[in-house]
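Colleague: File name work-v6.pdb; file contents PDB, C-alpha atoms; full text below.
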```pdb
ATOM      1  CA  MET X  12     119.432  98.581 100.675
ATOM      2  CA  ALA X  13     117.476  95.644 102.001
ATOM      3  CA  GLY X  14     114.169  97.278 102.929
ATOM      4  CA  CYS X  15     113.213  94.157 104.857
ATOM      5  CA  THR X  16     113.029  92.333 101.567
ATOM      6  CA  GLY X  17     115.884  89.927 102.028
ATOM      7  CA  SER X  18     117.897  91.269  99.085
ATOM      8  CA  GLU X  19     119.866  94.356  98.164
ATOM      9  CA  PRO X  20     120.444  96.623  95.166
ATOM     10  CA  GLU X  21     122.526  95.128  92.437
ATOM     11  CA  ASP X  22     125.927  96.720  91.944
ATOM     12  CA  GLY X  23     126.078  99.447  89.350
ATOM     13  CA  GLY X  24     124.808 102.997  88.992
ATOM     14  CA  ASN X  25     124.433 104.476  92.441
ATOM     15  CA  GLY X  26     122.768 101.588  94.185
ATOM     16  CA  ASN X  27     125.829 100.075  95.862
ATOM     17  CA  SER X  28     125.108  98.971  99.404
ATOM     18  CA  SER X  29     125.982  96.439 102.079
ATOM     19  CA  PRO X  30     122.757  95.609 103.925
ATOM     20  CA  THR X  31     121.964  93.044 106.533
ATOM     21  CA  LYS X  32     119.665  90.561 104.861
ATOM     22  CA  GLY X  33     116.207  89.805 106.221
ATOM     23  CA  ASN X  34     113.438  87.299 105.643
ATOM     24  CA  GLY X  35     111.330  88.809 102.881
ATOM     25  CA  SER X  36     111.564  88.865  99.097
ATOM     26  CA  GLY X  37     112.439  91.070  96.168
ATOM     27  CA  THR X  38     115.368  92.068  93.980
ATOM     28  CA  PRO X  39     116.065  95.789  94.463
ATOM     29  CA  THR X  40     118.204  97.690  91.982
ATOM     30  CA  GLY X  41     119.885 101.077  92.422
ATOM     31  CA  LYS X  42     119.455 103.712  89.718
ATOM     32  CA  SER X  43     120.526 107.314  89.279
ATOM     33  CA  GLY X  44     120.682 110.149  86.822
ATOM     34  CA  ASN X  45     120.568 113.919  86.581
ATOM     35  CA  GLY X  46     117.194 115.516  87.018
ATOM     36  CA  GLY X  47     114.278 114.983  89.385
ATOM     37  CA  GLY X  48     111.963 112.060  90.090
ATOM     38  CA  ASP X  49     109.125 110.784  87.936
ATOM     39  CA  GLY X  50     106.583 113.175  89.414
ATOM     40  CA  ARG X  51     104.628 110.506  91.269
ATOM     41  CA  GLY X  52     105.231 112.096  94.671
ATOM     42  CA  ASP X  53     103.994 110.781  97.955
ATOM     43  CA  GLY X  54     103.341 113.620 100.364
ATOM     44  CA  ASN X  55     106.329 112.523 102.450
ATOM     45  CA  SER X  56     108.826 115.108 101.231
ATOM     46  CA  GLY X  57     107.935 117.992 103.527
ATOM     47  CA  GLY X  58     110.438 120.419 101.973
ATOM     48  CA  GLU X  59     114.192 120.205 101.575
ATOM     49  CA  SER X  60     116.370 118.531 104.195
ATOM     50  CA  THR X  61     120.080 119.215 104.311
ATOM     51  CA  ALA X  62     123.084 117.074 105.237
ATOM     52  CA  ASP X  63     126.352 118.724 106.339
ATOM     53  CA  GLY X  64     125.396 121.839 104.380
ATOM     54  CA  GLN X  65     126.509 120.259 101.090
ATOM     55  CA  PHE X  66     123.624 117.996 100.088
ATOM     56  CA  SER X  67     119.885 118.443 100.319
ATOM     57  CA  LEU X  68     116.995 116.048  99.845
ATOM     58  CA  VAL X  69     114.888 117.817  97.225
ATOM     59  CA  SER X  70     112.050 115.283  97.050
ATOM     60  CA  SER X  71     111.091 111.682  97.730
ATOM     61  CA  ASP X  72     109.160 109.462  95.351
ATOM     62  CA  VAL X  73     107.545 106.872  97.588
ATOM     63  CA  PRO X  74     103.993 105.463  97.507
ATOM     64  CA  LYS X  75     101.800 106.051 100.546
ATOM     65  CA  GLU X  76     100.320 102.549 100.412
ATOM     66  CA  VAL X  77     101.374  99.250  98.817
ATOM     67  CA  VAL X  78     100.179  95.638  98.869
ATOM     68  CA  LEU X  79     102.309  93.226 100.870
ATOM     69  CA  GLY X  80     104.724  91.230  98.737
ATOM     70  CA  GLU X  81     104.375  93.493  95.676
ATOM     71  CA  GLN X  82     107.351  95.484  94.440
ATOM     72  CA  PHE X  83     107.396  99.266  94.692
ATOM     73  CA  THR X  84     109.945 101.994  94.004
ATOM     74  CA  LEU X  85     111.681 103.975  96.734
ATOM     75  CA  GLY X  86     113.280 107.059  95.156
ATOM     76  CA  PHE X  87     115.058 110.191  96.407
ATOM     77  CA  THR X  88     116.201 113.285  94.486
ATOM     78  CA  ILE X  89     119.374 114.724  96.038
ATOM     79  CA  LYS X  90     121.057 118.048  95.252
ATOM     80  CA  ASN X  91     124.732 118.944  95.588
ATOM     81  CA  ASN X  92     124.851 122.461  97.047
ATOM     82  CA  GLY X  93     128.648 122.493  97.234
ATOM     83  CA  ASP X  94     131.319 124.005  94.978
ATOM     84  CA  SER X  95     132.749 120.721  93.692
ATOM     85  CA  ALA X  96     131.472 117.424  92.308
ATOM     86  CA  SER X  97     130.945 114.791  94.973
ATOM     87  CA  THR X  98     129.094 111.575  95.700
ATOM     88  CA  PHE X  99     126.397 111.388  98.363
ATOM     89  CA  GLU X 100     126.357 108.499 100.810
ATOM     90  CA  SER X 101     124.062 107.821 103.760
ATOM     91  CA  PRO X 102     122.942 104.908 105.891
ATOM     92  CA  ILE X 103     119.255 104.029 105.636
ATOM     93  CA  GLU X 104     117.337 102.037 108.229
ATOM     94  CA  VAL X 105     114.073 100.169 107.778
ATOM     95  CA  ASN X 106     111.683  99.405 110.638
ATOM     96  CA  GLY X 107     108.218  97.860 110.531
ATOM     97  CA  SER X 108     105.672  99.017 113.096
ATOM     98  CA  GLU X 109     103.943  95.631 113.367
ATOM     99  CA  GLY X 110     106.864  93.242 113.535
ATOM    100  CA  GLY X 111     109.030  92.206 110.626
ATOM    101  CA  SER X 112     112.793  92.294 110.580
ATOM    102  CA  GLN X 113     114.736  95.530 111.020
ATOM    103  CA  GLN X 114     117.151  96.269 108.195
ATOM    104  CA  SER X 115     119.951  98.662 107.374
ATOM    105  CA  GLY X 116     121.739  99.560 104.174
ATOM    106  CA  THR X 117     123.368 102.412 102.295
ATOM    107  CA  ILE X 118     122.309 105.038  99.775
ATOM    108  CA  GLN X 119     125.239 105.894  97.522
ATOM    109  CA  THR X 120     124.960 108.052  94.396
ATOM    110  CA  GLU X 121     127.230 108.587  91.454
ATOM    111  CA  GLU X 122     129.236 111.821  91.453
ATOM    112  CA  ILE X 123     126.923 114.855  91.441
ATOM    113  CA  PRO X 124     128.201 118.091  89.800
ATOM    114  CA  PRO X 125     127.910 121.267  91.912
ATOM    115  CA  GLY X 126     124.411 122.746  91.798
ATOM    116  CA  GLU X 127     123.000 119.648  90.087
ATOM    117  CA  THR X 128     120.576 116.938  91.287
ATOM    118  CA  THR X 129     120.501 113.188  90.886
ATOM    119  CA  THR X 130     117.867 110.571  91.666
ATOM    120  CA  TRP X 131     118.651 107.396  93.610
ATOM    121  CA  SER X 132     116.019 104.650  93.521
ATOM    122  CA  THR X 133     115.592 101.003  94.362
ATOM    123  CA  GLU X 134     112.887  98.360  93.936
ATOM    124  CA  LEU X 135     111.601  96.834  97.189
ATOM    125  CA  SER X 136     108.850  94.702  98.643
ATOM    126  CA  TYR X 137     107.701  94.026 102.210
ATOM    127  CA  PRO X 138     106.031  90.743 103.213
ATOM    128  CA  TYR X 139     103.912  91.805 106.216
ATOM    129  CA  GLU X 140     101.096  94.213 107.002
ATOM    130  CA  SER X 141     102.748  97.158 108.690
ATOM    131  CA  THR X 142     103.666 100.816 108.511
ATOM    132  CA  VAL X 143     107.266 100.666 107.313
ATOM    133  CA  ASN X 144     109.560 103.573 108.181
ATOM    134  CA  TYR X 145     112.621 104.365 106.062
ATOM    135  CA  LEU X 146     115.063 106.559 107.991
ATOM    136  CA  ILE X 147     117.750 108.369 105.965
ATOM    137  CA  GLY X 148     120.515 108.940 108.479
ATOM    138  CA  ALA X 149     122.299 111.843 106.766
ATOM    139  CA  PHE X 150     119.110 113.915 106.652
ATOM    140  CA  GLU X 151     117.565 112.557 109.877
ATOM    141  CA  LYS X 152     114.393 112.141 107.865
ATOM    142  CA  SER X 153     111.884 109.285 108.083
ATOM    143  CA  ILE X 154     109.494 108.326 105.273
ATOM    144  CA  SER X 155     106.610 105.902 105.825
ATOM    145  CA  VAL X 156     104.882 103.380 103.586
ATOM    146  CA  LYS X 157     101.710 101.575 104.668
ATOM    147  CA  VAL X 158     101.693  97.905 103.648
ATOM    148  CA  VAL X 159      98.230  96.305 103.405
ATOM    149  CA  GLY X 160      96.776  92.922 102.489
ATOM    150  CA  PRO X 161      95.433  92.326  98.964
ATOM    151  CA  ASP X 162      91.795  92.633  97.859
ATOM    152  CA  LEU X 163      91.097  89.701  95.562
ATOM    153  CA  SER X 164      88.212  88.353  93.536
ATOM    154  CA  VAL X 165      86.705  84.942  94.238
ATOM    155  CA  SER X 166      88.785  82.253  92.440
ATOM    156  CA  GLU X 167      92.046  84.216  92.825
ATOM    157  CA  THR X 168      94.938  82.793  94.856
ATOM    158  CA  PHE X 169      96.946  84.480  97.601
ATOM    159  CA  VAL X 170     100.379  83.079  98.441
ATOM    160  CA  SER X 171     101.438  83.975 101.974
ATOM    161  CA  PRO X 172     105.019  84.764 103.087
ATOM    162  CA  ASN X 173     105.316  81.194 104.378
ATOM    163  CA  GLU X 174     104.148  79.850 100.987
ATOM    164  CA  LEU X 175     100.620  78.749 101.791
ATOM    165  CA  ALA X 176      98.486  79.211  98.664
ATOM    166  CA  ILE X 177      94.903  80.095  99.640
ATOM    167  CA  THR X 178      92.034  80.263  97.139
ATOM    168  CA  VAL X 179      88.394  81.146  97.842
ATOM    169  CA  ARG X 180      86.599  79.286  95.065
ATOM    170  CA  ASP X 181      82.995  80.431  95.527
ATOM    171  CA  ILE X 182      80.371  81.909  97.847
ATOM    172  CA  VAL X 183      76.936  80.284  97.544
ATOM    173  CA  LEU X 184      73.804  81.480  99.384
ATOM    174  CA  THR X 185      70.996  79.049 100.268
ATOM    175  CA  ASP X 186      68.031  78.821 102.640
ATOM    176  CA  HIS X 187      68.400  75.060 103.115
ATOM    177  CA  TYR X 188      70.887  72.229 102.993
ATOM    178  CA  ARG X 189      70.829  68.410 103.069
ATOM    179  CA  TYR X 190      72.949  66.029 105.078
ATOM    180  CA  GLU X 191      73.177  62.334 105.823
ATOM    181  CA  SER X 192      71.910  61.727 109.348
ATOM    182  CA  GLY X 193      73.719  58.437 109.891
ATOM    183  CA  ALA X 194      70.487  56.452 109.957
ATOM    184  CA  GLY X 195      70.490  56.269 106.179
ATOM    185  CA  PRO X 196      68.021  58.795 104.735
ATOM    186  CA  MET X 197      69.025  62.319 103.821
ATOM    187  CA  GLU X 198      67.796  65.037 106.153
ATOM    188  CA  ASP X 199      66.706  68.504 104.984
ATOM    189  CA  VAL X 200      67.440  71.554 107.146
ATOM    190  CA  GLU X 201      65.564  74.778 106.488
ATOM    191  CA  ALA X 202      66.952  78.107 107.642
ATOM    192  CA  ASP X 203      65.125  79.999 110.378
ATOM    193  CA  ASP X 204      62.860  82.870 109.371
ATOM    194  CA  ASN X 205      64.782  85.748 107.817
ATOM    195  CA  ARG X 206      68.012  83.713 107.857
ATOM    196  CA  GLN X 207      70.128  81.889 105.275
ATOM    197  CA  TRP X 208      73.503  80.196 104.953
ATOM    198  CA  ALA X 209      76.533  81.291 103.024
ATOM    199  CA  PHE X 210      78.626  78.290 101.946
ATOM    200  CA  VAL X 211      82.189  79.319 101.132
ATOM    201  CA  THR X 212      84.534  76.868  99.376
ATOM    202  CA  VAL X 213      88.227  77.325 100.148
ATOM    203  CA  ASN X 214      91.391  75.547  99.058
ATOM    204  CA  ALA X 215      94.694  75.618 100.983
ATOM    205  CA  GLU X 216      97.932  74.249  99.525
ATOM    206  CA  ASN X 217     101.400  73.957 101.037
ATOM    207  CA  ARG X 218     103.865  75.250  98.442
ATOM    208  CA  PHE X 219     106.785  75.337 100.851
ATOM    209  CA  ARG X 220     109.548  72.764 100.319
ATOM    210  CA  MET X 221     108.994  71.280 103.804
ATOM    211  CA  ARG X 222     106.004  70.121 105.817
ATOM    212  CA  GLN X 223     103.905  72.762 107.530
ATOM    213  CA  SER X 224     100.423  73.312 108.949
ATOM    214  CA  LEU X 225      97.464  74.323 106.824
ATOM    215  CA  PRO X 226      95.199  77.007 108.333
ATOM    216  CA  LYS X 227      92.245  76.044 110.513
ATOM    217  CA  GLY X 228      88.759  76.901 109.339
ATOM    218  CA  GLU X 229      88.412  79.361 112.224
ATOM    219  CA  THR X 230      91.022  81.636 110.603
ATOM    220  CA  PHE X 231      88.561  82.426 107.773
ATOM    221  CA  SER X 232      86.017  85.129 108.630
ATOM    222  CA  LEU X 233      82.963  86.187 106.651
ATOM    223  CA  LEU X 234      82.671  89.977 106.433
ATOM    224  CA  VAL X 235      79.026  91.049 106.420
ATOM    225  CA  GLY X 236      78.626  94.776 106.122
ATOM    226  CA  GLY X 237      82.087  95.184 107.646
ATOM    227  CA  ARG X 238      81.380  92.890 110.632
ATOM    228  CA  LYS X 239      83.289  89.616 111.024
ATOM    229  CA  GLN X 240      81.629  86.235 111.545
ATOM    230  CA  LYS X 241      83.307  82.923 112.320
ATOM    231  CA  PRO X 242      82.108  79.674 110.672
ATOM    232  CA  SER X 243      78.910  78.082 111.998
ATOM    233  CA  ASP X 244      78.873  74.534 113.360
ATOM    234  CA  ILE X 245      76.106  72.795 111.383
ATOM    235  CA  ALA X 246      74.974  69.178 111.010
ATOM    236  CA  LYS X 247      76.205  68.759 107.434
ATOM    237  CA  GLN X 248      79.715  67.269 107.363
ATOM    238  CA  GLU X 249      80.327  65.884 103.881
ATOM    239  CA  GLY X 250      82.819  68.055 102.016
ATOM    240  CA  LYS X 251      83.528  70.329 104.978
ATOM    241  CA  TYR X 252      86.881  72.122 105.263
ATOM    242  CA  GLU X 253      88.136  70.646 108.500
ATOM    243  CA  LEU X 254      91.435  69.927 110.165
ATOM    244  CA  GLU X 255      92.196  68.180 113.419
ATOM    245  CA  ARG X 256      91.505  70.583 116.237
ATOM    246  CA  PHE X 257      94.154  68.784 118.282
ATOM    247  CA  GLY X 258      97.335  67.096 117.155
ATOM    248  CA  SER X 259      99.264  67.556 113.949
ATOM    249  CA  ARG X 260      97.884  69.621 111.086
ATOM    250  CA  ASP X 261     101.101  69.347 109.064
ATOM    251  CA  VAL X 262     101.052  68.338 105.419
ATOM    252  CA  ALA X 263     103.867  67.632 102.991
ATOM    253  CA  SER X 264     104.977  70.006 100.256
ATOM    254  CA  GLY X 265     102.388  70.062  97.471
ATOM    255  CA  GLU X 266      99.552  68.669  99.593
ATOM    256  CA  SER X 267      96.287  70.597  99.876
ATOM    257  CA  LEU X 268      92.847  70.600 101.454
ATOM    258  CA  SER X 269      89.573  71.801  99.949
ATOM    259  CA  GLY X 270      86.132  72.118 101.492
ATOM    260  CA  TRP X 271      83.297  74.395 102.482
ATOM    261  CA  LEU X 272      82.723  76.600 105.495
ATOM    262  CA  ALA X 273      79.186  77.641 106.480
ATOM    263  CA  TYR X 274      78.115  81.011 107.867
ATOM    264  CA  GLU X 275      74.585  81.867 109.034
ATOM    265  CA  ILE X 276      73.523  85.350 107.912
ATOM    266  CA  SER X 277      70.474  87.524 107.408
ATOM    267  CA  ALA X 278      68.196  86.563 104.500
ATOM    268  CA  ASP X 279      68.280  90.080 103.065
ATOM    269  CA  ARG X 280      72.011  89.853 102.279
ATOM    270  CA  SER X 281      73.258  89.132  98.767
ATOM    271  CA  ALA X 282      76.641  87.766  97.706
ATOM    272  CA  SER X 283      77.745  91.281  96.762
ATOM    273  CA  ASP X 284      77.441  92.269 100.455
ATOM    274  CA  LEU X 285      79.963  89.636 101.513
ATOM    275  CA  ALA X 286      83.699  89.096 101.588
ATOM    276  CA  ILE X 287      85.993  86.431 103.049
ATOM    277  CA  GLU X 288      89.055  87.395 105.070
ATOM    278  CA  TRP X 289      91.943  85.117 105.998
ATOM    279  CA  GLN X 290      94.353  86.261 108.705
ATOM    280  CA  SER X 291      97.553  84.582 109.808
ATOM    281  CA  GLY X 292     101.180  85.266 110.670
ATOM    282  CA  ASP X 293     104.519  83.913 111.779
ATOM    283  CA  GLY X 294     107.155  84.898 114.305
ATOM    284  CA  SER X 295     108.118  88.004 112.322
ATOM    285  CA  GLY X 296     104.799  89.571 111.305
ATOM    286  CA  SER X 297     101.196  89.106 110.209
ATOM    287  CA  TRP X 298      99.222  89.196 106.976
ATOM    288  CA  SER X 299      95.690  89.000 105.644
ATOM    289  CA  ALA X 300      93.814  88.776 102.360
ATOM    290  CA  GLN X 301      90.209  89.443 101.343
ATOM    291  CA  TRP X 302      88.095  87.878  98.587
ATOM    292  CA  SER X 303      84.890  89.351  97.166
ATOM    293  CA  PRO X 304      82.499  88.071  94.481
TER     294      PRO X 304
END
```
So, in terms of structure tokens, how does the structure I just supplied come out?
Modeller:
Amino acid sequence: MAGCTGSEPEDGGNGNSSPTKGNGSGTPTGKSGNGGGDGRGDGNSGGESTADGQFSLVSSDVPKEVVLGEQFTLGFTIKNNGDSASTFESPIEVNGSEGGSQQSGTIQTEEIPPGETTTWSTELSYPYESTVNYLIGAFEKSISVKVVGPDLSVSETFVSPNELAITVRDIVLTDHYRYESGAGPMEDVEADDNRQWAFVTVNAENRFRMRQSLPKGETFSLLVGGRKQKPSDIAKQEGKYELERFGSRDVASGESLSGWLAYEISADRSASDLAIEWQSGDGSGSWSAQWSP
């Protein structure tokens, strides 16, 4: 079952399927065995659901929330209520609420003895921020997983679905800065009363095999007490993270850009009050990541 991950369960056990592949990532595997799930639970079960009077969905083992791109387990415990051993098979559809490709596949178990249960599971990932709904056709039951962007520490790297590697290297607070005026001498700029600047150093690298655009500075927001601020336009230019506002911003595979972005904030804020958020997307969905000191 593809799960919008671009790959399907490996053959073997009860994970056989024939999905339509998508544009994400992951290597799901199907597993089964007598007995119930691992007890993790997810609040999605909502009691038993039956299919054709013979099989029932006893429980589902699905996380409520996962980080985009990270693998998670989708598991179902199914009971054979019939008088003879039989395999259970059902289509399963995957739909993201905020874009992303729609997928379909198959749940197929090994033979289940009468009155016994078996657990079918697969490993999946989803590359976009979304609420992803997994609909099991035989039971007419939908189970949802919320996919969110990662919370990272400064110096950690986030690799987006289109293989841009973004690193926030540091966040430095200062009440003044220096710049070269063009006339020769260095100029000092003091912050206004009760104000200061946050200088944030970012690095963006194209890890895709082909040329593509690096993100503009305006796509990085400073979160101050939960409120977003865009970069400030200040006199200092040396070392700034900047890309052409017009024309091509494409770079070759392996090329990168580093530089600072400045944000003007209240003087009573400390670095621990701040976070940097990067938001972007492609034709199939969107993503974001946050960095904190």
Colleague: Go through X:Ile245, X:Pro172, X:Ala273, X:Ser264 one by one, measure the shortest atom-to-atom distance of each to X:Thr212 using all atoms listed in the file, and give the residue with the smallest value.
Modeller: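 That would be X:Ala273, the residue with the smallest distance to X:Thr212.
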Colleague: Just the residues within 7 Å of X:Ile287, please, counting only C-alpha atoms, with nothing from its chain fewer than 5 positions along; format it as a list in words.
Modeller: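 Listing them by chain and then by number gives Phe231, Ser232, Leu233, Leu234, Gln301, Trp302 and Ser303 of chain X.
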Colleague: For this file, the PyMOL selection byres ((chain X and resi 270) around 8) selects which residues, as number ranges by chain?
Modeller: X: 212-214, 250-253, 268-269, 271-272
Colleague: What residues come out when you apply the PyMOL selection byres ((chain X and resi 289) around 6) to this file, written as a list in words?
Modeller: Thr230, Phe231, Glu288, Gln290, Ser299 and Ala300 of chain X
Colleague: If the PyMOL selection byres ((chain X and resi 156-164) around 8) is run on the structure shown, which residues does it catch, given as a ChimeraX atom specification?
Modeller: /X:73-79,137,139-144,154-155,165-168,298-304
Colleague: For the point (123.7, 111.7, 101.4) in file coordinates, what residues are within 10 Å, counting all atoms listed in the file? Give the answer as an MDAnalysis selection string?
Modeller: chainID X and resid 61:63 65:68 89:91 98:103 117:120 147:150
Colleague: Write out as a list in words each polymer residue whose atoms come within 7 Å of X:Ala263, counting all atoms listed in the file; drop sequence neighbours fewer than 5 positions from it.
Modeller: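 In the requested form, the answer reads Met221, Arg222 and Gln223 of chain X.
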Colleague: Just checking: using only C-alpha atoms, which residue out of X:Thr88, X:Ala246, X:Ser295, X:Phe169 ends up closest to X:Val200?
Modeller: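 Closest to X:Val200, using only C-alpha atoms: X:Ala246.
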Colleague: Point out the residue among X:Arg218, X:Gly265, X:Tyr274, X:Gly193 with the least atom-to-atom distance to X:Gln240, counting only C-alpha atoms.
Modeller: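 When distances to X:Gln240 are compared using only C-alpha atoms, the smallest one comes from X:Tyr274.
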Colleague: So, with all atoms listed in the file as the atoms that count, which of X:Gly236, X:Asn173, X:Ala215, X:Leu254 lies closest to X:Asp293?
Modeller: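 When distances to X:Asp293 are compared using all atoms listed in the file, the smallest one comes from X:Asn173.
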Colleague: What does the structure give for the distance between atom CA of X:Pro138 and atom CA of X:Phe83, in Å to one decimal?
Modeller: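 So the answer is 12.1 Å.
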Colleague: Between atom CA of X:Ser297 and atom CA of X:Thr84, what is the spacing in Å?
Modeller: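 Interatomic distance, atom CA of X:Thr84 to atom CA of X:Ser297: 22.5 Å.
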Colleague: Figure out the distance between atom CA of X:Pro125 and atom CA of X:Ser95, please, to one decimal in Å.
Modeller: 5.2 Å
